[in-house]
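Printed here is final.txt (compact mmCIF, C-alpha atoms):
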```txt
# COMPACT_ATOMS: atom_id res chain seq x y z
CA MET A 20 -1.28 -11.85 7.51
CA LYS A 21 -1.26 -12.88 3.86
CA ALA A 22 -3.77 -15.64 4.59
CA ALA A 23 -6.05 -12.98 6.08
CA LEU A 24 -5.65 -10.81 2.97
CA ARG A 25 -6.52 -13.75 0.74
CA ALA A 26 -9.54 -14.55 2.94
CA TYR A 27 -10.59 -10.91 2.56
CA VAL A 28 -10.51 -11.19 -1.25
CA ASP A 29 -12.25 -14.59 -1.10
CA GLY A 30 -15.01 -13.19 1.10
CA PHE A 31 -15.92 -10.73 -1.64
CA ALA A 32 -15.62 -13.43 -4.30
CA ASN A 33 -18.01 -15.68 -2.34
CA GLY A 34 -20.43 -12.90 -1.45
CA ASP A 35 -19.72 -13.71 2.21
CA ALA A 36 -19.46 -10.42 4.12
CA GLU A 37 -19.42 -12.18 7.51
CA SER A 38 -16.16 -13.98 6.67
CA VAL A 39 -14.60 -10.59 5.87
CA ILE A 40 -15.91 -8.93 9.03
CA ALA A 41 -14.65 -11.87 11.12
CA LEU A 42 -11.08 -10.91 10.17
CA PHE A 43 -11.34 -7.63 12.13
CA ALA A 44 -10.68 -6.88 15.79
CA GLU A 45 -13.55 -5.51 17.93
CA ASP A 46 -11.97 -2.03 18.03
CA ALA A 47 -10.67 -1.97 14.45
CA VAL A 48 -10.53 1.19 12.33
CA VAL A 49 -11.26 1.37 8.59
CA GLU A 50 -10.41 4.42 6.44
CA ASP A 51 -11.67 3.81 2.89
CA PRO A 52 -10.60 5.78 0.99
CA VAL A 53 -7.77 7.52 2.84
CA GLY A 54 -8.80 11.13 3.50
CA THR A 55 -12.42 10.32 4.38
CA PRO A 56 -13.89 9.75 7.90
CA GLU A 57 -12.79 6.59 9.69
CA ARG A 58 -15.21 3.81 10.59
CA HIS A 59 -14.65 2.60 14.16
CA GLY A 60 -15.56 -0.78 15.61
CA LEU A 61 -17.32 -3.86 14.32
CA GLU A 62 -20.77 -2.28 14.05
CA GLU A 63 -19.69 0.48 11.63
CA ILE A 64 -17.20 -1.81 9.88
CA GLY A 65 -19.79 -4.59 9.59
CA LYS A 66 -22.27 -2.27 7.89
CA PHE A 67 -19.56 -1.05 5.51
CA TYR A 68 -18.59 -4.57 4.39
CA ARG A 69 -22.17 -5.88 4.24
CA ASP A 70 -23.07 -2.98 1.94
CA ALA A 71 -19.91 -3.50 -0.16
CA VAL A 72 -20.41 -7.25 -0.59
CA GLU A 73 -24.14 -6.80 -1.24
CA SER A 74 -23.29 -4.33 -4.02
CA GLY A 75 -21.61 -7.21 -5.84
CA ALA A 76 -18.09 -5.79 -5.53
CA LYS A 77 -15.29 -8.23 -6.47
CA LEU A 78 -11.55 -7.73 -5.89
CA VAL A 79 -9.04 -8.71 -8.59
CA LEU A 80 -5.46 -8.70 -7.27
CA ASP A 81 -2.78 -6.85 -9.25
CA GLY A 82 -0.20 -9.20 -7.74
CA PRO A 83 0.37 -11.19 -4.57
CA PRO A 84 -0.27 -9.61 -1.15
CA ARG A 85 2.86 -8.27 0.57
CA GLY A 86 3.91 -8.73 4.19
CA SER A 87 6.51 -6.78 6.17
CA HIS A 88 9.04 -7.21 8.95
CA GLY A 89 6.39 -5.94 11.38
CA ASN A 90 2.62 -6.13 11.84
CA GLY A 91 1.69 -4.60 8.46
CA ALA A 92 0.68 -6.03 5.11
CA ALA A 93 -0.64 -4.57 1.86
CA MET A 94 -2.14 -5.53 -1.48
CA ALA A 95 -3.02 -3.81 -4.76
CA PHE A 96 -6.17 -4.77 -6.61
CA THR A 97 -8.97 -3.61 -8.85
CA ILE A 98 -12.46 -3.40 -7.37
CA GLU A 99 -15.03 -4.38 -9.96
CA LEU A 100 -18.52 -3.01 -9.39
CA PRO A 101 -20.53 -4.41 -12.29
CA ALA A 102 -23.86 -3.04 -10.96
CA LEU A 103 -22.39 0.47 -11.28
CA ASN A 104 -20.33 -0.31 -14.38
CA LEU A 105 -17.38 0.96 -12.36
CA THR A 106 -13.86 -0.14 -11.49
CA ILE A 107 -11.64 1.31 -8.78
CA LYS A 108 -7.89 0.65 -8.54
CA ALA A 109 -6.85 0.55 -4.88
CA VAL A 110 -4.02 -0.34 -2.53
CA ASP A 111 -5.24 -1.53 0.87
CA VAL A 112 -2.84 -1.40 3.83
CA PHE A 113 -3.55 -3.46 6.94
CA THR A 114 -2.12 -3.71 10.46
CA PHE A 115 -2.68 -6.69 12.73
CA ASN A 116 -2.71 -7.35 16.47
CA ASP A 117 -0.96 -10.23 18.20
CA ALA A 118 -4.12 -12.36 17.84
CA GLY A 119 -3.83 -12.04 14.05
CA GLU A 120 -6.89 -9.78 13.80
CA ILE A 121 -6.96 -6.72 11.53
CA VAL A 122 -6.82 -3.54 13.63
CA THR A 123 -6.53 -0.97 10.82
CA MET A 124 -7.34 -0.98 7.13
CA ARG A 125 -6.58 2.08 5.02
CA ALA A 126 -7.50 2.10 1.33
CA TYR A 127 -5.50 4.25 -1.07
CA TRP A 128 -7.60 5.32 -4.05
CA GLY A 129 -8.77 8.66 -5.34
CA PRO A 130 -11.24 10.09 -7.83
CA ASP A 131 -8.91 9.46 -10.76
CA ASP A 132 -8.46 5.80 -9.78
CA MET A 133 -12.08 5.19 -10.80
CA THR A 134 -13.11 4.33 -14.35
CA SER A 135 -16.58 3.70 -15.70
CA MET B 7 1.31 12.68 -6.06
CA LYS B 8 1.14 10.13 -8.86
CA ALA B 9 3.63 12.16 -10.90
CA ALA B 10 6.02 11.96 -7.93
CA LEU B 11 5.55 8.19 -7.73
CA ARG B 12 6.27 7.84 -11.44
CA ALA B 13 9.36 10.07 -11.06
CA TYR B 14 10.46 7.78 -8.22
CA VAL B 15 10.24 4.72 -10.50
CA ASP B 16 11.91 6.61 -13.36
CA GLY B 17 14.78 7.69 -11.10
CA PHE B 18 15.65 4.04 -10.50
CA ALA B 19 15.20 3.22 -14.20
CA ASN B 20 17.60 6.02 -15.14
CA GLY B 21 20.13 5.26 -12.40
CA ASP B 22 19.51 8.80 -11.12
CA ALA B 23 19.40 8.67 -7.32
CA GLU B 24 19.43 12.47 -6.99
CA SER B 25 16.11 12.78 -8.84
CA VAL B 26 14.59 10.32 -6.37
CA ILE B 27 16.04 12.08 -3.31
CA ALA B 28 14.80 15.45 -4.63
CA LEU B 29 11.22 14.20 -4.20
CA PHE B 30 11.63 14.10 -0.40
CA ALA B 31 11.11 16.82 2.22
CA GLU B 32 14.07 17.83 4.41
CA ASP B 33 12.57 16.08 7.47
CA ALA B 34 11.15 13.06 5.65
CA VAL B 35 11.00 9.58 7.20
CA VAL B 36 11.59 6.31 5.32
CA GLU B 37 10.73 2.87 6.80
CA ASP B 38 11.84 0.18 4.35
CA PRO B 39 10.73 -2.47 5.04
CA VAL B 40 8.00 -1.76 7.60
CA GLY B 41 9.13 -3.14 10.96
CA THR B 42 12.76 -2.04 10.61
CA PRO B 43 14.34 1.20 11.95
CA GLU B 44 13.25 4.43 10.27
CA ARG B 45 15.64 6.61 8.31
CA HIS B 46 15.20 10.29 9.22
CA GLY B 47 16.10 13.32 7.13
CA LEU B 48 17.73 13.81 3.77
CA GLU B 49 21.20 12.67 4.83
CA GLU B 50 20.09 9.19 5.90
CA ILE B 51 17.51 8.97 3.12
CA GLY B 52 20.02 10.17 0.53
CA LYS B 53 22.49 7.46 1.49
CA PHE B 54 19.72 4.83 1.35
CA TYR B 55 18.65 5.79 -2.19
CA ARG B 56 22.19 6.28 -3.51
CA ASP B 57 23.05 2.77 -2.32
CA ALA B 58 19.82 1.34 -3.76
CA VAL B 59 20.21 2.97 -7.17
CA GLU B 60 23.93 2.11 -7.28
CA SER B 61 23.03 -1.55 -6.65
CA GLY B 62 21.24 -1.53 -10.00
CA ALA B 63 17.75 -1.95 -8.50
CA LYS B 64 14.88 -1.37 -10.94
CA LEU B 65 11.18 -1.08 -10.08
CA VAL B 66 8.57 -2.78 -12.26
CA LEU B 67 5.04 -1.61 -11.42
CA ASP B 68 2.31 -4.23 -10.82
CA GLY B 69 -0.23 -1.63 -11.90
CA PRO B 70 -0.74 2.13 -11.89
CA PRO B 71 0.03 4.15 -8.74
CA ARG B 72 -3.01 4.95 -6.59
CA GLY B 73 -3.92 8.29 -5.01
CA SER B 74 -6.41 8.96 -2.22
CA HIS B 75 -8.86 11.59 -0.99
CA GLY B 76 -6.09 12.93 1.26
CA ASN B 77 -2.32 13.35 1.21
CA GLY B 78 -1.47 9.66 0.66
CA ALA B 79 -0.60 7.57 -2.36
CA ALA B 80 0.62 4.00 -2.91
CA MET B 81 1.97 1.66 -5.54
CA ALA B 82 2.76 -2.04 -5.86
CA PHE B 83 5.83 -3.16 -7.77
CA THR B 84 8.57 -5.73 -8.10
CA ILE B 85 12.11 -4.65 -7.24
CA GLU B 86 14.58 -6.37 -9.55
CA LEU B 87 18.11 -6.70 -8.21
CA PRO B 88 20.00 -8.45 -11.02
CA ALA B 89 23.37 -8.13 -9.27
CA LEU B 90 21.98 -10.25 -6.43
CA ASN B 91 19.77 -12.41 -8.67
CA LEU B 92 16.94 -11.32 -6.40
CA THR B 93 13.43 -9.91 -6.74
CA ILE B 94 11.33 -8.34 -3.99
CA LYS B 95 7.59 -7.71 -4.28
CA ALA B 96 6.68 -4.54 -2.38
CA VAL B 97 3.92 -2.03 -1.79
CA ASP B 98 5.23 1.47 -1.04
CA VAL B 99 2.96 3.94 0.75
CA PHE B 100 3.74 7.66 0.64
CA THR B 101 2.42 10.78 2.35
CA PHE B 102 3.01 14.28 1.04
CA ASN B 103 3.15 17.80 2.47
CA ASP B 104 1.41 20.83 1.00
CA ALA B 105 4.51 21.59 -1.09
CA GLY B 106 4.10 18.23 -2.84
CA GLU B 107 7.19 16.73 -1.17
CA ILE B 108 7.25 13.19 0.21
CA VAL B 109 7.23 13.27 4.02
CA THR B 110 6.90 9.55 4.72
CA MET B 111 7.56 6.41 2.71
CA ARG B 112 6.79 3.00 4.20
CA ALA B 113 7.58 -0.13 2.20
CA TYR B 114 5.55 -3.28 2.84
CA TRP B 115 7.55 -6.41 2.07
CA GLY B 116 8.74 -9.30 4.15
CA PRO B 117 11.14 -12.24 3.97
CA ASP B 118 8.70 -14.33 1.94
CA ASP B 119 8.21 -11.52 -0.62
CA MET B 120 11.78 -12.12 -1.81
CA THR B 121 12.65 -14.69 -4.46
CA SER B 122 16.04 -15.60 -5.84
```

Give the structure from this file in structure tokens form.
Amino acid sequence: MKAALRAYVDGFANGDAESVIALFAEDAVVEDPVGTPERHGLEEIGKFYRDAVESGAKLVLDGPPRGSHGNGAAMAFTIELPALNLTIKAVDVFTFNDAGEIVTMRAYWGPDDMTS
Amino acid sequence: MKAALRAYVDGFANGDAESVIALFAEDAVVEDPVGTPERHGLEEIGKFYRDAVESGAKLVLDGPPRGSHGNGAAMAFTIELPALNLTIKAVDVFTFNDAGEIVTMRAYWGPDDMTS
């Protein structure tokens, strides 16, 4: 799971949205940020990550990704959006299926976690 | 929500388990770490936090707590357990009710997030 989280960060670093999208299961759900409508399935999730990577977003980890005793993992990072002169501090929480694919990603950040 | 998360950290810092327990709703659920049995209600949760605070555990934040656009918040920190010469890197995820009380806390950390 931690390898997947590191690949997720690396995908942004390398401007490679497809490597990020490839981490997700076909029927995955993304809620980013928590409290907004979910994106369901690889078509909606693919568009979300292609747009995000294309925007130039980079993820700078606060510390190492964390695992669990189950199928969950989480990491805290700062999203840097230089094109918008914006940073967002987020915690992303992931669950995985038995194939090691991400089935849910929920991003915890709110209006006051953004600075410009 | 962020004030509650800071009070949670401060409660450990001050050795004041009751101030931590007071943040929780009567019917709250704690899963720490994720993948282990849940603790339900203030009696089980109270015992858990009294034991944790009594052990001398302190929480050192990786970065500021994060909110959301809903009722969730999260923070990443290192748990220092000097009595056991142990540290645990965790991400805790919280949900809140309308009264501002914690209703769920799920802690993401696994065996390889511990160092001694």

If the cut-off is 6 Å, can you tell me the residues of chain A near chain B, counting all atoms listed in the file? I'd like them as a PDB file with C-alpha atoms, in the coordinates of the input.
```
ATOM      1  CA  VAL A  53      -7.770   7.520   2.840  1.00  0.00           C
ATOM      2  CA  GLY A  54      -8.800  11.130   3.500  1.00  0.00           C
ATOM      3  CA  ASP A  81      -2.780  -6.850  -9.250  1.00  0.00           C
ATOM      4  CA  ARG A  85       2.860  -8.270   0.570  1.00  0.00           C
ATOM      5  CA  GLY A  86       3.910  -8.730   4.190  1.00  0.00           C
ATOM      6  CA  SER A  87       6.510  -6.780   6.170  1.00  0.00           C
ATOM      7  CA  HIS A  88       9.040  -7.210   8.950  1.00  0.00           C
ATOM      8  CA  GLY A  89       6.390  -5.940  11.380  1.00  0.00           C
ATOM      9  CA  TYR A 127      -5.500   4.250  -1.070  1.00  0.00           C
ATOM     10  CA  TRP A 128      -7.600   5.320  -4.050  1.00  0.00           C
ATOM     11  CA  GLY A 129      -8.770   8.660  -5.340  1.00  0.00           C
TER      12      GLY A 129
END
```

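Candidate residues B:Ala19, B:Leu65, B:Val35, B:Ile85 were compared for distance to Glu50 of chain B, and the nearest is B:Val35, using all atoms listed in the file.
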
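Excluding Asp22 of chain B and any residue on its chain fewer than 2 positions from it, the residues at most 12 Å away by all atoms listed in the file are Ala13, Tyr14, Val15, Asp16, Gly17, Phe18, Ala19, Asn20, Glu24, Ser25, Val26, Ile27, Ala28, Gly52, Tyr55, Arg56, Asp57, Ala58, Val59, Glu60, Ser61, Gly62, Ala63 and Lys64 of chain B.
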
Could you superpose chain A on chain B by least squares over every Cα, matched in sequence order, and send it back as a PDB file with C-alpha atoms, in the frame of the given file?
```pdb
ATOM      1  CA  MET A  20       1.319  12.656  -6.062  1.00  0.00           C
ATOM      2  CA  LYS A  21       1.147  10.121  -8.878  1.00  0.00           C
ATOM      3  CA  ALA A  22       3.628  12.160 -10.912  1.00  0.00           C
ATOM      4  CA  ALA A  23       6.011  11.954  -7.950  1.00  0.00           C
ATOM      5  CA  LEU A  24       5.541   8.174  -7.759  1.00  0.00           C
ATOM      6  CA  ARG A  25       6.273   7.841 -11.464  1.00  0.00           C
ATOM      7  CA  ALA A  26       9.354  10.067 -11.075  1.00  0.00           C
ATOM      8  CA  TYR A  27      10.460   7.781  -8.238  1.00  0.00           C
ATOM      9  CA  VAL A  28      10.237   4.712 -10.503  1.00  0.00           C
ATOM     10  CA  ASP A  29      11.916   6.619 -13.359  1.00  0.00           C
ATOM     11  CA  GLY A  30      14.780   7.675 -11.101  1.00  0.00           C
ATOM     12  CA  PHE A  31      15.638   4.027 -10.515  1.00  0.00           C
ATOM     13  CA  ALA A  32      15.190   3.226 -14.204  1.00  0.00           C
ATOM     14  CA  ASN A  33      17.605   6.036 -15.147  1.00  0.00           C
ATOM     15  CA  GLY A  34      20.109   5.255 -12.408  1.00  0.00           C
ATOM     16  CA  ASP A  35      19.516   8.796 -11.117  1.00  0.00           C
ATOM     17  CA  ALA A  36      19.389   8.659  -7.308  1.00  0.00           C
ATOM     18  CA  GLU A  37      19.437  12.465  -6.988  1.00  0.00           C
ATOM     19  CA  SER A  38      16.115  12.782  -8.841  1.00  0.00           C
ATOM     20  CA  VAL A  39      14.593  10.328  -6.346  1.00  0.00           C
ATOM     21  CA  ILE A  40      16.048  12.086  -3.305  1.00  0.00           C
ATOM     22  CA  ALA A  41      14.807  15.448  -4.631  1.00  0.00           C
ATOM     23  CA  LEU A  42      11.225  14.204  -4.199  1.00  0.00           C
ATOM     24  CA  PHE A  43      11.619  14.105  -0.391  1.00  0.00           C
ATOM     25  CA  ALA A  44      11.106  16.812   2.218  1.00  0.00           C
ATOM     26  CA  GLU A  45      14.077  17.831   4.414  1.00  0.00           C
ATOM     27  CA  ASP A  46      12.569  16.090   7.466  1.00  0.00           C
ATOM     28  CA  ALA A  47      11.142  13.058   5.654  1.00  0.00           C
ATOM     29  CA  VAL A  48      10.987   9.581   7.200  1.00  0.00           C
ATOM     30  CA  VAL A  49      11.585   6.309   5.333  1.00  0.00           C
ATOM     31  CA  GLU A  50      10.717   2.881   6.796  1.00  0.00           C
ATOM     32  CA  ASP A  51      11.836   0.180   4.343  1.00  0.00           C
ATOM     33  CA  PRO A  52      10.736  -2.456   5.033  1.00  0.00           C
ATOM     34  CA  VAL A  53       8.009  -1.764   7.591  1.00  0.00           C
ATOM     35  CA  GLY A  54       9.132  -3.155  10.958  1.00  0.00           C
ATOM     36  CA  THR A  55      12.765  -2.051  10.613  1.00  0.00           C
ATOM     37  CA  PRO A  56      14.350   1.199  11.956  1.00  0.00           C
ATOM     38  CA  GLU A  57      13.254   4.421  10.278  1.00  0.00           C
ATOM     39  CA  ARG A  58      15.651   6.617   8.321  1.00  0.00           C
ATOM     40  CA  HIS A  59      15.197  10.292   9.221  1.00  0.00           C
ATOM     41  CA  GLY A  60      16.093  13.304   7.104  1.00  0.00           C
ATOM     42  CA  LEU A  61      17.746  13.823   3.750  1.00  0.00           C
ATOM     43  CA  GLU A  62      21.213  12.681   4.819  1.00  0.00           C
ATOM     44  CA  GLU A  63      20.100   9.184   5.901  1.00  0.00           C
ATOM     45  CA  ILE A  64      17.505   8.977   3.121  1.00  0.00           C
ATOM     46  CA  GLY A  65      20.029  10.164   0.524  1.00  0.00           C
ATOM     47  CA  LYS A  66      22.490   7.438   1.491  1.00  0.00           C
ATOM     48  CA  PHE A  67      19.720   4.830   1.350  1.00  0.00           C
ATOM     49  CA  TYR A  68      18.642   5.782  -2.188  1.00  0.00           C
ATOM     50  CA  ARG A  69      22.188   6.282  -3.503  1.00  0.00           C
ATOM     51  CA  ASP A  70      23.061   2.771  -2.310  1.00  0.00           C
ATOM     52  CA  ALA A  71      19.818   1.338  -3.756  1.00  0.00           C
ATOM     53  CA  VAL A  72      20.229   2.966  -7.173  1.00  0.00           C
ATOM     54  CA  GLU A  73      23.941   2.101  -7.272  1.00  0.00           C
ATOM     55  CA  SER A  74      23.039  -1.550  -6.636  1.00  0.00           C
ATOM     56  CA  GLY A  75      21.239  -1.517  -9.980  1.00  0.00           C
ATOM     57  CA  ALA A  76      17.761  -1.942  -8.489  1.00  0.00           C
ATOM     58  CA  LYS A  77      14.882  -1.378 -10.953  1.00  0.00           C
ATOM     59  CA  LEU A  78      11.176  -1.079 -10.088  1.00  0.00           C
ATOM     60  CA  VAL A  79       8.552  -2.787 -12.267  1.00  0.00           C
ATOM     61  CA  LEU A  80       5.022  -1.604 -11.427  1.00  0.00           C
ATOM     62  CA  ASP A  81       2.309  -4.212 -10.823  1.00  0.00           C
ATOM     63  CA  GLY A  82      -0.260  -1.628 -11.913  1.00  0.00           C
ATOM     64  CA  PRO A  83      -0.753   2.125 -11.885  1.00  0.00           C
ATOM     65  CA  PRO A  84       0.040   4.160  -8.749  1.00  0.00           C
ATOM     66  CA  ARG A  85      -2.999   4.962  -6.588  1.00  0.00           C
ATOM     67  CA  GLY A  86      -3.927   8.288  -5.010  1.00  0.00           C
ATOM     68  CA  SER A  87      -6.415   8.974  -2.213  1.00  0.00           C
ATOM     69  CA  HIS A  88      -8.851  11.604  -1.005  1.00  0.00           C
ATOM     70  CA  GLY A  89      -6.091  12.927   1.270  1.00  0.00           C
ATOM     71  CA  ASN A  90      -2.311  13.341   1.220  1.00  0.00           C
ATOM     72  CA  GLY A  91      -1.474   9.648   0.678  1.00  0.00           C
ATOM     73  CA  ALA A  92      -0.614   7.559  -2.352  1.00  0.00           C
ATOM     74  CA  ALA A  93       0.616   4.006  -2.897  1.00  0.00           C
ATOM     75  CA  MET A  94       1.976   1.665  -5.543  1.00  0.00           C
ATOM     76  CA  ALA A  95       2.770  -2.044  -5.868  1.00  0.00           C
ATOM     77  CA  PHE A  96       5.832  -3.159  -7.778  1.00  0.00           C
ATOM     78  CA  THR A  97       8.571  -5.728  -8.091  1.00  0.00           C
ATOM     79  CA  ILE A  98      12.115  -4.660  -7.249  1.00  0.00           C
ATOM     80  CA  GLU A  99      14.571  -6.378  -9.550  1.00  0.00           C
ATOM     81  CA  LEU A 100      18.105  -6.698  -8.212  1.00  0.00           C
ATOM     82  CA  PRO A 101      19.982  -8.443 -11.013  1.00  0.00           C
ATOM     83  CA  ALA A 102      23.383  -8.117  -9.265  1.00  0.00           C
ATOM     84  CA  LEU A 103      21.971 -10.232  -6.416  1.00  0.00           C
ATOM     85  CA  ASN A 104      19.786 -12.394  -8.654  1.00  0.00           C
ATOM     86  CA  LEU A 105      16.935 -11.305  -6.399  1.00  0.00           C
ATOM     87  CA  THR A 106      13.429  -9.911  -6.739  1.00  0.00           C
ATOM     88  CA  ILE A 107      11.336  -8.350  -3.990  1.00  0.00           C
ATOM     89  CA  LYS A 108       7.585  -7.719  -4.287  1.00  0.00           C
ATOM     90  CA  ALA A 109       6.676  -4.550  -2.383  1.00  0.00           C
ATOM     91  CA  VAL A 110       3.916  -2.032  -1.782  1.00  0.00           C
ATOM     92  CA  ASP A 111       5.235   1.453  -1.019  1.00  0.00           C
ATOM     93  CA  VAL A 112       2.947   3.934   0.754  1.00  0.00           C
ATOM     94  CA  PHE A 113       3.728   7.649   0.645  1.00  0.00           C
ATOM     95  CA  THR A 114       2.422  10.787   2.361  1.00  0.00           C
ATOM     96  CA  PHE A 115       3.006  14.285   1.032  1.00  0.00           C
ATOM     97  CA  ASN A 116       3.158  17.798   2.467  1.00  0.00           C
ATOM     98  CA  ASP A 117       1.416  20.834   1.017  1.00  0.00           C
ATOM     99  CA  ALA A 118       4.519  21.603  -1.088  1.00  0.00           C
ATOM    100  CA  GLY A 119       4.099  18.234  -2.828  1.00  0.00           C
ATOM    101  CA  GLU A 120       7.191  16.754  -1.160  1.00  0.00           C
ATOM    102  CA  ILE A 121       7.238  13.200   0.215  1.00  0.00           C
ATOM    103  CA  VAL A 122       7.236  13.281   4.027  1.00  0.00           C
ATOM    104  CA  THR A 123       6.894   9.539   4.712  1.00  0.00           C
ATOM    105  CA  MET A 124       7.570   6.409   2.708  1.00  0.00           C
ATOM    106  CA  ARG A 125       6.794   3.007   4.197  1.00  0.00           C
ATOM    107  CA  ALA A 126       7.580  -0.142   2.214  1.00  0.00           C
ATOM    108  CA  TYR A 127       5.537  -3.278   2.824  1.00  0.00           C
ATOM    109  CA  TRP A 128       7.548  -6.411   2.065  1.00  0.00           C
ATOM    110  CA  GLY A 129       8.735  -9.308   4.159  1.00  0.00           C
ATOM    111  CA  PRO A 130      11.141 -12.226   3.953  1.00  0.00           C
ATOM    112  CA  ASP A 131       8.695 -14.319   1.941  1.00  0.00           C
ATOM    113  CA  ASP A 132       8.210 -11.528  -0.614  1.00  0.00           C
ATOM    114  CA  MET A 133      11.778 -12.138  -1.803  1.00  0.00           C
ATOM    115  CA  THR A 134      12.662 -14.700  -4.459  1.00  0.00           C
ATOM    116  CA  SER A 135      16.069 -15.575  -5.834  1.00  0.00           C
TER     117      SER A 135
END
```

Practice item. Grab the atom CA of Ala89 of chain B to atom CA of Ser122 of chain B distance for me, in Å with one decimal place. Key: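 Spanning atom CA of Ala89 of chain B to atom CA of Ser122 of chain B is a straight-line distance of 11.0 Å.
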
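Note that the spacing between atom CA of Val122 of chain A and atom CA of Pro56 of chain A amounts to 16.1 Å.
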
Review point. Mind listing as a list in words all residues within 10 Å of (2.2, 14.1, 4.9), counting only C-alpha atoms?
Key: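 Those residues, ordered by chain and then number, are Ala31, Ala34, Gly76, Asn77, Gly78, Phe100, Thr101, Phe102, Asn103, Asp104, Ala105, Gly106, Glu107, Ile108, Val109, Thr110 and Met111 of chain B.
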
Exercise for review: Please measure the separation of atom CA of Pro88 of chain B and atom CA of Thr121 of chain B, giving the value in Å to one decimal.
Suggested key: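 Atom CA of Pro88 of chain B sits 11.7 Å away from atom CA of Thr121 of chain B.
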
Point to revise | Which residue of B:Met120, B:Ile51, B:Val66, B:Ala9 approaches Asp33 of chain B most closely, using all atoms listed in the file | key: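 Among the listed residues, the smallest separation from Asp33 of chain B belongs to B:Ile51.
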